[in-house]
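Heads up: the structure comes next, in C-alpha cells.
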Amino acid sequence: MSQNANTAELSPNQMLWEKGDFTRIAASMRDSGEKLVKAIGVGPGQKVLDLGCGDGTTALPSARLGAEVLGVDIARNLVEAGNRRAADAGLFNLRFQHGDASNLTGVASSQFDKVISIFGAMFAPNPENVAREMVRVTKPGRQVVMGNWIPGDPTLVAQILKTSAAYSPPPPEGFVSPVRWGVEADVRARFTGAGVPDAAIRCEPETYVFDHAGTPADFVAEFRDHYGPTMNAFAAANANGKAADLERELIDLFESQNTSRAAGRTVIPATFLRVTVQVG
Ligand SMILES: C[S@@+](CC[C@H](N)C(=O)[O-])C[C@H]1O[C@@H](n2cnc3c(N)ncnc32)[C@H](O)[C@@H]1O
C-alpha cells in the first residue's frame, strides 16, 4: 500500500479525512466500539481486518480480546494516532497501515476471520469495489461486519450528514452518497455483485452511543473543527455568510437528542445499519 506524501496527488476522499482530526470525535465512541466487537464474537486467535479503522475505536478492543488485528485507513494522521494508541496500550498484536478500502493492494486474499468496518469503508468511493475487496480478503466460512449510517434516519449522525450536505456545494457528478451503504437494497446488490448469495447477507438496526464530556454546543464545536464533512459544510457556509445558521441548526439537533441530565455531559444514541455477510 502506498504512502503518498505528495499532497497535490491526494484524492478528495483522503483529503476529507486528513483535514480534520477524527480522534476528537472517536473519543466519544469508545464504549460502543468495545461493546460491538464483543457482540460480534471477536476473540483470541482470530485474524481481524478493521477497514476505515480511524485511531482504533474497534481495533484496540479487538486486540485486547486477543485477536491479531490489522487496521487500514486512508488518513495518515489517523494511522499514526492508532499506532501510538496501540504502543501506549502495549498491544503488539495490532498494527495500523495506510490504505484504501476500495483497493486493498498488497493484502492477500482469504486470510481474515473477520473484516470489520464501522462507519469506515462506507466513505470510500466505488462501493462495488469495496464490497469485492472485503469479500476477497475474508476466509471462506467467515464474516464481514459493517456499520453504516442510514439516510433519512432521525438520529444524530444521519442528521449531521444531511445538514452538512445541505450547506455544502453539490457533489461532483458520479458521486455515490456514503449513506447508500445504509440502504438494505443497496447493500444486498453490492454484496451479491461480489458473489455472495443473498441469503448470506443480514441487515439489522443497531445503536451506537456518543458520550462527550462537554455540553451539546461543545460537542458541535468538535464536529465543526475536526470532522471532515462538517468542516467542509462550515467552510461553504462561512463563504455564504451562513455559518451561524448551520451552527444553530446543529446545536438544536444535539440538544434535542441529548439524553444526559448531567450538566457538561452529552450522551446521544444514534441508529445505524449493522450488516453481516457470511462469506462462502
Ligand atoms: C467516521 S470515521 C470512523 C473511524 C472508526 N471506524 C471509528 O469507528 O472510530 C471514518 C473513517 O473512515 C476512513 N476512510 C474514509 N475513506 C476511506 C477509504 N477509502 N479507505 C479506508 N479508510 C477510509 C476515514 O479516514 C476515517 O478514519
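Chain labels run A, B, ... following the order of the C-alpha cells; each chain numbers its residues from 1, and ligands are numbered from 1 in the order shown.
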Per-residue nearest contacts segment 22-122 of chain A to segment 147-164 of chain A, cut-off 10 Å, using only C-alpha atoms, as a tab-separated table:
```
residue	atom	partner	partner_atom	distance
A:Leu36	CA	A:Gly147	CA	9.8
A:Ile116	CA	A:Gly147	CA	8.3
A:Ser117	CA	A:Gly147	CA	6.3
A:Ile118	CA	A:Gly147	CA	4.3
A:Phe119	CA	A:Asn148	CA	5.3
A:Gly120	CA	A:Gly147	CA	8.0
A:Ala121	CA	A:Asn148	CA	8.8
A:Met122	CA	A:Asn148	CA	6.4
```
Kindly export the residues of the current selection with N, CA and C atoms, as a PDB file, in the first residue's frame.
```
ATOM      1  N   LEU A  36     -19.471  -3.467  20.640  1.00  0.00           N
ATOM      2  CA  LEU A  36     -19.740  -4.048  19.320  1.00  0.00           C
ATOM      3  C   LEU A  36     -18.821  -5.235  19.032  1.00  0.00           C
ATOM      4  N   ILE A 116     -13.981  -6.071   9.596  1.00  0.00           N
ATOM      5  CA  ILE A 116     -14.898  -5.148  10.275  1.00  0.00           C
ATOM      6  C   ILE A 116     -14.758  -3.775   9.640  1.00  0.00           C
ATOM      7  N   SER A 117     -15.861  -3.089   9.441  1.00  0.00           N
ATOM      8  CA  SER A 117     -15.760  -1.698   9.017  1.00  0.00           C
ATOM      9  C   SER A 117     -16.928  -0.909   9.590  1.00  0.00           C
ATOM     10  N   ILE A 118     -16.635  -0.162  10.632  1.00  0.00           N
ATOM     11  CA  ILE A 118     -17.679   0.563  11.349  1.00  0.00           C
ATOM     12  C   ILE A 118     -17.603   2.034  10.964  1.00  0.00           C
ATOM     13  N   PHE A 119     -18.540   2.468  10.160  1.00  0.00           N
ATOM     14  CA  PHE A 119     -18.611   3.852   9.658  1.00  0.00           C
ATOM     15  C   PHE A 119     -17.301   4.230   8.961  1.00  0.00           C
ATOM     16  N   GLY A 120     -16.656   3.260   8.325  1.00  0.00           N
ATOM     17  CA  GLY A 120     -15.353   3.483   7.694  1.00  0.00           C
ATOM     18  C   GLY A 120     -15.425   3.331   6.186  1.00  0.00           C
ATOM     19  N   ALA A 121     -15.497   2.060   5.718  1.00  0.00           N
ATOM     20  CA  ALA A 121     -15.498   1.790   4.274  1.00  0.00           C
ATOM     21  C   ALA A 121     -16.697   2.425   3.589  1.00  0.00           C
ATOM     22  N   MET A 122     -17.744   2.759   4.340  1.00  0.00           N
ATOM     23  CA  MET A 122     -18.910   3.416   3.721  1.00  0.00           C
ATOM     24  C   MET A 122     -18.515   4.755   3.082  1.00  0.00           C
TER      25      MET A 122
END
```
Tell me which protein, DNA and RNA residues are within 9 Å of Gln46 of chain A, counting only C-alpha atoms, leaving out same-chain ones fewer than 3 positions away, and put them as JSON, numbers by chain. {"A": [42, 43, 66, 67, 68, 69, 112, 113, 114]}
At a cut-off of 6 Å and counting only C-alpha atoms and all ligand atoms, what residues surround ligand 1? Please answer as a list in words. Asn13, Trp17, Ala26, Leu51, Gly52, Cys53, Gly54, Thr57, Asp73, Ile74, Ala75, Gly99, Asp100, Ala101, Ser102, Ile118, Phe119, Gly120, Ala121, Phe123 and Ala124 of chain A
Keeping only C-alpha atoms, write those residues as a short mmCIF file (atom, residue, chain, number, x, y, z; two decimals), in the first residue's frame.
```cif
data_model
loop_
_atom_site.label_atom_id
_atom_site.label_comp_id
_atom_site.auth_asym_id
_atom_site.auth_seq_id
_atom_site.Cartn_x
_atom_site.Cartn_y
_atom_site.Cartn_z
CA ASN A 13 -11.61 11.13 -0.16
CA TRP A 17 -10.40 12.71 6.35
CA ALA A 26 -13.77 8.94 18.26
CA LEU A 51 -11.18 -1.06 7.44
CA GLY A 52 -11.53 2.69 7.85
CA CYS A 53 -10.37 2.00 11.38
CA GLY A 54 -9.62 5.60 12.39
CA THR A 57 -12.26 2.50 18.24
CA ASP A 73 -7.23 3.73 6.96
CA ILE A 74 -6.96 6.32 4.18
CA ALA A 75 -5.97 9.10 6.62
CA GLY A 99 -4.64 2.04 2.57
CA ASP A 100 -7.87 2.39 0.65
CA ALA A 101 -10.85 0.15 1.37
CA SER A 102 -11.74 0.13 -2.32
CA ILE A 118 -17.68 0.56 11.35
CA PHE A 119 -18.61 3.85 9.66
CA GLY A 120 -15.35 3.48 7.69
CA ALA A 121 -15.50 1.79 4.27
CA PHE A 123 -16.97 6.63 3.00
CA ALA A 124 -14.78 5.10 0.28
#
```
Report as CSV: every residue of segment 134-182 of chain A with an atom at most 9 Å from segment 233-243 of chain A, its closest pair of atoms, and their distance in Å to one decimal, counting only C-alpha atoms, with rows sorted by chain and ascending residue number.
```
residue,atom,partner,partner_atom,distance
A:Thr163,CA,A:Ala233,CA,8.4
A:Ser164,CA,A:Ala233,CA,5.0
A:Ala165,CA,A:Ala233,CA,6.8
A:Ala166,CA,A:Ala233,CA,8.0
A:Tyr167,CA,A:Ala233,CA,5.3
A:Ser168,CA,A:Ala233,CA,4.7
A:Pro169,CA,A:Ala236,CA,7.0
```
Pull the strand (DSSP E or B) assignments for segment 109-147 of chain A out of DSSP run on the backbone, and list those residues as number ranges by chain. A: 112-118, 138-147
Would you pick out the contacts of segment 85-98 of chain A at 12 Å or less, using only C-alpha atoms, so that residues sharing its chain but fewer than 6 positions from it are not included, and give the list as a ChimeraX atom specification? /A:1-5,14,18,23,27,44-79,104-107
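Here the question is which of A:Ala189, A:Ala108, A:Val145, A:Ile25 gets nearest to Thr276 of chain A using only C-alpha atoms, and that residue is A:Val145.
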Quick one: which segment 188-240 of chain A residues come within 7 Å of segment 253-266 of chain A, and what is the nearest atom pair for each with the distance in Å to one decimal, counting only C-alpha atoms, rows ordered by chain and ascending number, as CSV?
```
residue,atom,partner,partner_atom,distance
A:Asp211,CA,A:Thr266,CA,5.8
A:His212,CA,A:Thr266,CA,5.1
A:Ala213,CA,A:Arg265,CA,4.7
A:Gly214,CA,A:Gly264,CA,4.3
A:Thr215,CA,A:Gly264,CA,4.6
A:Pro216,CA,A:Phe254,CA,5.5
```
Exercise: Ala131 of chain A partners within 7 Å, only C-alpha atoms, chain neighbours under 2 positions left out, as a list in words: Pro127, Glu128, Asn129, Glu133, Met134, Val135, Arg190, Phe191 and Ala194 of chain A
Kindly export the residues of the current selection with C-alpha atoms, as a compact mmCIF listing (two decimals), in the first residue's frame.
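result.txt, written as the output of this step:
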```
# COMPACT_ATOMS: atom_id res chain seq x y z
CA PRO A 127 -18.77 0.89 -3.23
CA GLU A 128 -18.81 -2.12 -5.59
CA ASN A 129 -15.01 -2.34 -5.30
CA GLU A 133 -12.33 -6.30 -1.64
CA MET A 134 -13.96 -7.08 1.71
CA VAL A 135 -15.21 -10.43 0.39
CA ARG A 190 -23.27 -4.71 -3.74
CA PHE A 191 -22.53 -7.97 -1.93
CA ALA A 194 -19.35 -9.55 -5.22
```
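Residue neighbourhood of Tyr208 of chain A, excluding near-sequence residues (fewer than 4 positions): Ser32, Pro269 and Ala270 of chain A, at 6 Å, using only C-alpha atoms.
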Export, as a tab-separated table (two decimals), in the first residue's frame, the selected residues with C-alpha atoms.
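Wrote part-v3.tsv, looks like this:
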```
chain	number	residue	atom	x	y	z
A	32	SER	CA	-19.88	1.40	21.87
A	269	PRO	CA	-27.70	7.35	20.87
A	270	ALA	CA	-27.58	7.02	17.09
```
Among the residues A:Met146, A:Val187, A:Leu273, A:Val209, the one that comes closest to Ile40 of chain A [using only C-alpha atoms]: A:Met146
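Closest to Gly82 of chain A among A:Phe22, A:Asp198, A:Val144, A:Arg248 is A:Phe22, based on only C-alpha atoms.
Residue nearest Asn232 of chain A within the list A:Pro171, A:Val277, A:Asn103, A:Val130: A:Pro171 [criterion: smallest interatomic distance, only C-alpha atoms].
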Quick one, how far is atom CA of Cys203 of chain A from atom CA of Val279 of chain A? 14.7 Å
Determine which residues of segment 44-243 of chain A receive a DSSP assignment of alpha helix (DSSP H), computed from the backbone, and state them as a PyMOL selection string. chain A and resi 59-64+76-88+127-137+156-167+184-193+216-226+228-239+243
Between A:Met15, A:Ala217, A:Ala185, A:Val179, which is the closest to Phe272 of chain A once you count only C-alpha atoms? A:Val179
